[in-house]
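Participant: Structure incoming, see below.
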Amino acid sequence: MQFPLELSRQQLLQLQGWSMSGRTSISKVRPGAVPALFCIALLFAVCLSAGRVGAVERSLRGELKRVLILHSFGRDFRPWSEYARDIKAKLERESPWPLDIQEHALLTARFNSPGPEAPFVEYLQSLYEGAKPDIVLSIGAPAARFAQKYRGRLFPDAPLILSAVEHRLINRADLGDNDVVVAVRNDFMAAFGNILQILPDTKSVAVVIGASPLEKFWVEEVKRELQPLGERIELVWYSDLSFEEILKRAARLPPHTALFWGLMSVDAAGVVHESDIALRSLYAAANVPIFSYQEPFFGDGPVGGPMLMIEETSSRTVSAAIGILGGTKPASISYDPIGFAAPRYDWRQLQRWGISESRLPRGSEIVFREQSIWERYRWQMLLIASVILVQSGLISGMLHERRRRQMAEVESLQRLAELAHANRYSAVGELTTSIAHELNQPLGSILTNAETAEVMLKAASPDMNEIRQILADIRRDDQRASEVIRRLRSILKKTPFEVRDIELNDMVQEAIGLVRAVADGRRIKLIYTPVLADLRARGDPIQLQQVVLNLIINAMDAIFDADPGERQVSVSTQRVGNEAEVQVSDTGPGIAASDLANVFNPFFTTKPQGMGMGLAIVKTIVEAHHGTISAVNQAAGGALFTIRLPIVR
């Protein structure tokens with residue numbers, strides 16, 4: 001393909017930076033700049049031609065269609081920019097042909113005193129002189145007015161679609177068979193009726209509309225249309241204020257006031273504003289709710305209500321454009337003006353201003369609703385609930401098991417107490433001789449002293465001092481007998497497991513006192529070596545005393561066959577770290593090595609008449625007190641039993 005080396009007038013105008021406000025004549029280009037300009041122009045022509053080649057290569061599915069879009073205020077100026085964006089997206093998606101979409105903005109509509117349009121008309125005329133558009137789309141009223149006014153000079157044969165324009169702003173006298181109108185209808189009574197329905201206490205509405213020619217037209221239209229509400233609410237007009245002053249007033253509006261947002265392209269001070277930025281500034285400053293009828297502004301602050309929707313307008317526009325590009329006559333396409341759609345409301349604004357949903361019109365749509373915690377984290381909460389249920393079941397099972405274990409422990413302690421009680425009866429049976437001796441001796445002394453006192457009292461002058469000594473002896477022997485009986489009763493008493501502080505030295509001393517007479521009768525030397533310090537532990541004193549008694553009785557039984565001079569049982573106490581230690585040793589033959597591991601097992605015994613329960617009960621009692629017991633053979637002969645119990649700090 002050959003690329004053109006000559007520059008058209010259109011390309012030169014583009015290179016010279018043509019603008020709507022003026023132009024630079026080609027004759028004013030400096031001579032020295034011509035070669036550079038020529039090179040740039042050549043490069044531009046090559047790129048332009050390459051673009052066209054690419055467009056042709058992309059047009060294998062059909063002939064390239066040229067679409068010209070005219071914007072009213074700017075490509076990014078709301079609300080019309082949102083209509084244009086949606087129309088473009090739908091065209092590119094639905095068109096069966098490749099499209100070359102060109103866009104231009106009629107910026108003069110944004111000024112209070114618009115400048116001349118002739119330079120912009122010349123610019124467009126030169127730009128499309130050799131490549132006429134297949135269809136022209138105008139977005140908004142200013143673009144529609146411009147297209148109708150200059151179409152004869154610019155593109156007389158191109159079909160024209162006037163889109164997103166209010167029906168009152170269409171010059172119907174200039175419409176022809178090559179024109180299609182996709183108009184909208186603003187119903188201000190419906191918009192303000194919505195305010196009064198959801199905020200029935202409203203007393204005044206401040207109307208925010210700019211000061212451009214188009215906005216001034218709408219100020220008068222709104223005033224005319226809302227005349228029936230003159231006795232119901234007060235209308236406050238901000239069209240003659242700067243936007244800075246509007247923000248100040250909006251920040252201190254009285255209660256029962258609302259703001260109505262129309263359009264703000266230029267304020268009374270002549271300052272140009274981007275409508276969406278201006279609306280966000282107003283929303284940040286206002287102390288009352290804001291309402292609007294344009295969907296492009298919805299979501300940036302307005303509460304909502306009936307409004308013009310982009311979807312229907314853009315769908316009609318695209319349908320008409322594709323039909324016309326496909327050969328449909330524009331005169332055969334006719335649409336009624338598009339009115340307000342069903343009301344839509346911003347949930348966030350309803351919450352902010354305390355507007356009840358019960359006041360909304362029937363059929364209203366609420367958007368931007370924040371999901372509840374349950375809706376947002378439904379599956380996570382279901383999972384957590386399942387885990388909690390499982391954990392609850394496990395905890396319940398564990399508590400039940402713990403209760404059963406506690407009941408079993410209580411029952412076990414009861415059985416232990418009963419078994420220990422039976423074992424104490426057995427031990428007391430072996431101590432009968434010792435107990436009888438302990439009782440006979442004080443009782444015999446009491447009898448002798450009583451008889452002596454009787455004899456002395458029969459004398460003419462009894463020695464009263466002697467009689468007092470005799471009575472003191474009787475009292476001492478009585479207390480001794482009472483102590484023996486007390487010890488016996490404490491041993492035989494059937495009581496539940498009782499935990500309290502115990503002084504181990506005293507407890508061992510008392511146990512030795514019970515068996516000393518037996519040891520003397522058997523000619524056994526019973527030695528007790530206590531530690532010279534308090535040994536305090538927690539436990540049941542009766543059961544721990546039974547442990548010591550059993551070990552001493554077993555030790556005396558173990559040395560029964562030893563020579564009289566070698567019969568010795570030693571009992572000692574000491575402190576080892578944080579534990580109290582009680583040791584009972586004898587000088588007997590010891591325990592067979594094969595029996596050491598079994599001596600604490602139930603029903604294991606080396607005695608011919610034994611039942612094998614004594615040491616088993618001893619071990620159970622010690623372990624119930626969180627202690628340990630062990631048995632070893634001494635190097636010098638005999639067995640050594642060691643009890644260790646935790647010391648109370």
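Naming works like this for the structure tokens: A, B, ... for the chains as they're shown, residue 1 at the start of each chain, ligands 1 onward in shown order.
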Quick one: DSSP strand (DSSP E or B) residues in stretch 265-355 of chain A, as a PyMOL selection string?
Facilitator: chain A and resi 266+272+290-292+294+304-305+308+338+344-346
Participant: Would you output that residue set with all heavy atoms, as an mmCIF file, in the first residue's frame?
Facilitator:
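The result, stored in again.cif:
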```
data_model
loop_
_atom_site.group_PDB
_atom_site.id
_atom_site.type_symbol
_atom_site.label_atom_id
_atom_site.label_comp_id
_atom_site.auth_asym_id
_atom_site.auth_seq_id
_atom_site.Cartn_x
_atom_site.Cartn_y
_atom_site.Cartn_z
ATOM 1 N N VAL A 266 -21.352 25.860 35.838
ATOM 2 C CA VAL A 266 -20.669 27.123 36.084
ATOM 3 C C VAL A 266 -21.513 27.909 37.078
ATOM 4 O O VAL A 266 -22.737 27.948 36.984
ATOM 5 C CB VAL A 266 -20.465 27.916 34.768
ATOM 6 C CG1 VAL A 266 -21.778 28.156 34.056
ATOM 7 C CG2 VAL A 266 -19.749 29.232 35.022
ATOM 8 N N VAL A 272 -16.039 27.545 36.517
ATOM 9 C CA VAL A 272 -16.485 26.290 35.910
ATOM 10 C C VAL A 272 -16.273 25.151 36.901
ATOM 11 O O VAL A 272 -15.248 25.087 37.585
ATOM 12 C CB VAL A 272 -15.724 26.022 34.595
ATOM 13 C CG1 VAL A 272 -16.134 24.679 34.002
ATOM 14 C CG2 VAL A 272 -15.991 27.141 33.601
ATOM 15 N N ILE A 290 -29.813 15.443 50.493
ATOM 16 C CA ILE A 290 -29.760 15.947 49.122
ATOM 17 C C ILE A 290 -30.579 15.013 48.230
ATOM 18 O O ILE A 290 -30.519 13.786 48.371
ATOM 19 C CB ILE A 290 -28.308 16.022 48.610
ATOM 20 C CG1 ILE A 290 -27.465 16.912 49.535
ATOM 21 C CG2 ILE A 290 -28.252 16.529 47.183
ATOM 22 C CD1 ILE A 290 -25.984 16.912 49.185
ATOM 23 N N PHE A 291 -31.316 15.611 47.273
ATOM 24 C CA PHE A 291 -32.114 14.831 46.326
ATOM 25 C C PHE A 291 -31.743 15.238 44.903
ATOM 26 O O PHE A 291 -31.344 16.386 44.650
ATOM 27 C CB PHE A 291 -33.615 15.057 46.562
ATOM 28 C CG PHE A 291 -34.106 14.505 47.869
ATOM 29 C CD1 PHE A 291 -33.996 15.248 49.038
ATOM 30 C CD2 PHE A 291 -34.652 13.234 47.936
ATOM 31 C CE1 PHE A 291 -34.447 14.748 50.244
ATOM 32 C CE2 PHE A 291 -35.100 12.721 49.143
ATOM 33 C CZ PHE A 291 -34.997 13.469 50.297
ATOM 34 N N SER A 292 -31.869 14.288 43.968
ATOM 35 C CA SER A 292 -31.610 14.550 42.563
ATOM 36 C C SER A 292 -32.450 13.601 41.727
ATOM 37 O O SER A 292 -32.943 12.585 42.227
ATOM 38 C CB SER A 292 -30.121 14.370 42.241
ATOM 39 O OG SER A 292 -29.884 14.608 40.863
ATOM 40 N N GLN A 294 -31.218 12.566 38.556
ATOM 41 C CA GLN A 294 -30.310 12.032 37.552
ATOM 42 C C GLN A 294 -29.576 10.814 38.110
ATOM 43 O O GLN A 294 -28.907 10.890 39.143
ATOM 44 C CB GLN A 294 -29.285 13.095 37.132
ATOM 45 C CG GLN A 294 -29.865 14.286 36.400
ATOM 46 C CD GLN A 294 -30.094 13.989 34.919
ATOM 47 O OE1 GLN A 294 -29.956 12.854 34.466
ATOM 48 N NE2 GLN A 294 -30.453 15.022 34.175
ATOM 49 N N GLY A 304 -32.199 9.779 46.780
ATOM 50 C CA GLY A 304 -32.827 8.988 45.734
ATOM 51 C C GLY A 304 -34.248 9.440 45.480
ATOM 52 O O GLY A 304 -34.697 10.491 45.937
ATOM 53 N N GLY A 305 -34.982 8.622 44.726
ATOM 54 C CA GLY A 305 -36.345 8.922 44.343
ATOM 55 C C GLY A 305 -36.563 8.549 42.900
ATOM 56 O O GLY A 305 -35.758 7.818 42.299
ATOM 57 N N LEU A 308 -34.227 9.659 36.054
ATOM 58 C CA LEU A 308 -33.960 9.252 34.681
ATOM 59 C C LEU A 308 -32.849 8.215 34.687
ATOM 60 O O LEU A 308 -31.771 8.449 35.230
ATOM 61 C CB LEU A 308 -33.542 10.463 33.840
ATOM 62 C CG LEU A 308 -34.607 11.556 33.653
ATOM 63 C CD1 LEU A 308 -34.001 12.766 32.973
ATOM 64 C CD2 LEU A 308 -35.778 11.018 32.847
ATOM 65 N N ILE A 338 -38.682 9.610 27.338
ATOM 66 C CA ILE A 338 -38.488 8.668 28.449
ATOM 67 C C ILE A 338 -38.711 9.403 29.765
ATOM 68 O O ILE A 338 -38.066 10.421 30.043
ATOM 69 C CB ILE A 338 -37.067 8.064 28.411
ATOM 70 C CG1 ILE A 338 -36.851 7.309 27.091
ATOM 71 C CG2 ILE A 338 -36.842 7.139 29.607
ATOM 72 C CD1 ILE A 338 -35.420 6.879 26.874
ATOM 73 N N ARG A 344 -35.613 4.840 43.209
ATOM 74 C CA ARG A 344 -34.468 4.123 43.767
ATOM 75 C C ARG A 344 -33.922 4.949 44.925
ATOM 76 O O ARG A 344 -33.889 6.177 44.870
ATOM 77 C CB ARG A 344 -33.359 3.904 42.728
ATOM 78 C CG ARG A 344 -33.796 3.176 41.485
ATOM 79 C CD ARG A 344 -32.641 3.066 40.515
ATOM 80 N NE ARG A 344 -31.690 2.039 40.925
ATOM 81 C CZ ARG A 344 -30.424 1.988 40.510
ATOM 82 N NH1 ARG A 344 -29.943 2.931 39.734
ATOM 83 N NH2 ARG A 344 -29.637 1.014 40.900
ATOM 84 N N TYR A 345 -33.464 4.230 45.963
ATOM 85 C CA TYR A 345 -32.970 4.933 47.153
ATOM 86 C C TYR A 345 -31.657 4.322 47.606
ATOM 87 O O TYR A 345 -31.425 3.110 47.471
ATOM 88 C CB TYR A 345 -34.007 4.866 48.281
ATOM 89 C CG TYR A 345 -35.292 5.586 47.948
ATOM 90 C CD1 TYR A 345 -36.364 4.898 47.381
ATOM 91 C CD2 TYR A 345 -35.422 6.950 48.176
ATOM 92 C CE1 TYR A 345 -37.542 5.556 47.055
ATOM 93 C CE2 TYR A 345 -36.597 7.619 47.848
ATOM 94 C CZ TYR A 345 -37.649 6.912 47.283
ATOM 95 O OH TYR A 345 -38.812 7.563 46.952
ATOM 96 N N ASP A 346 -30.827 5.194 48.130
ATOM 97 C CA ASP A 346 -29.527 4.791 48.677
ATOM 98 C C ASP A 346 -29.726 4.438 50.154
ATOM 99 O O ASP A 346 -30.042 5.309 50.977
ATOM 100 C CB ASP A 346 -28.518 5.940 48.527
ATOM 101 C CG ASP A 346 -27.098 5.520 48.875
ATOM 102 O OD1 ASP A 346 -26.936 4.643 49.747
ATOM 103 O OD2 ASP A 346 -26.159 6.084 48.290
#
```
Participant: Which polymer residues have any atom within 12 Å of an atom of A:Tyr283, counting only C-alpha atoms, with same-chain residues fewer than 6 positions away left out, as a PyMOL selection string?
Facilitator: chain A and resi 246-248+250-251+258-261+276-277+289-291+297-303+349
Participant: Could you list, as an NGL selection string, every residue within 6 Å of stretch 181-189 of chain A, counting only C-alpha atoms and ignoring same-chain residues fewer than 3 positions away?
Facilitator: :A and (161-167 or 192-193 or 337-339)
Participant: One decimal, Å: what's the distance from atom CA of A:Gln479 over to atom CA of A:Pro442, could you say?
Facilitator: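 Distance reported for this atom pair: 8.7 Å.
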Participant: Which residues come within 8 Å of stretch 632-635 of chain A, counting only C-alpha atoms, excluding same-chain residues fewer than 3 positions away, as a compact mmCIF listing (two decimals) with C-alpha atoms, in the first residue's frame?
Facilitator:
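Printed below is around35.txt as written:
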```txt
# COMPACT_ATOMS: atom_id res chain seq x y z
CA GLY A 590 14.53 -59.01 104.27
CA ILE A 591 12.30 -59.65 101.25
CA LEU A 596 10.07 -57.14 95.87
CA GLY A 638 16.44 -56.46 106.77
CA ALA A 639 13.83 -54.54 104.80
CA LEU A 640 13.41 -50.78 104.53
CA PHE A 641 10.04 -49.16 103.70
```
Participant: Looking only at alpha helix (DSSP H) from DSSP on the backbone, list the matching residues of stretch 136-377 of chain A as a PyMOL selection string.
Facilitator: chain A and resi 141-154+188-198+213-225+243-250+275-285+310-325+347-352+373-376
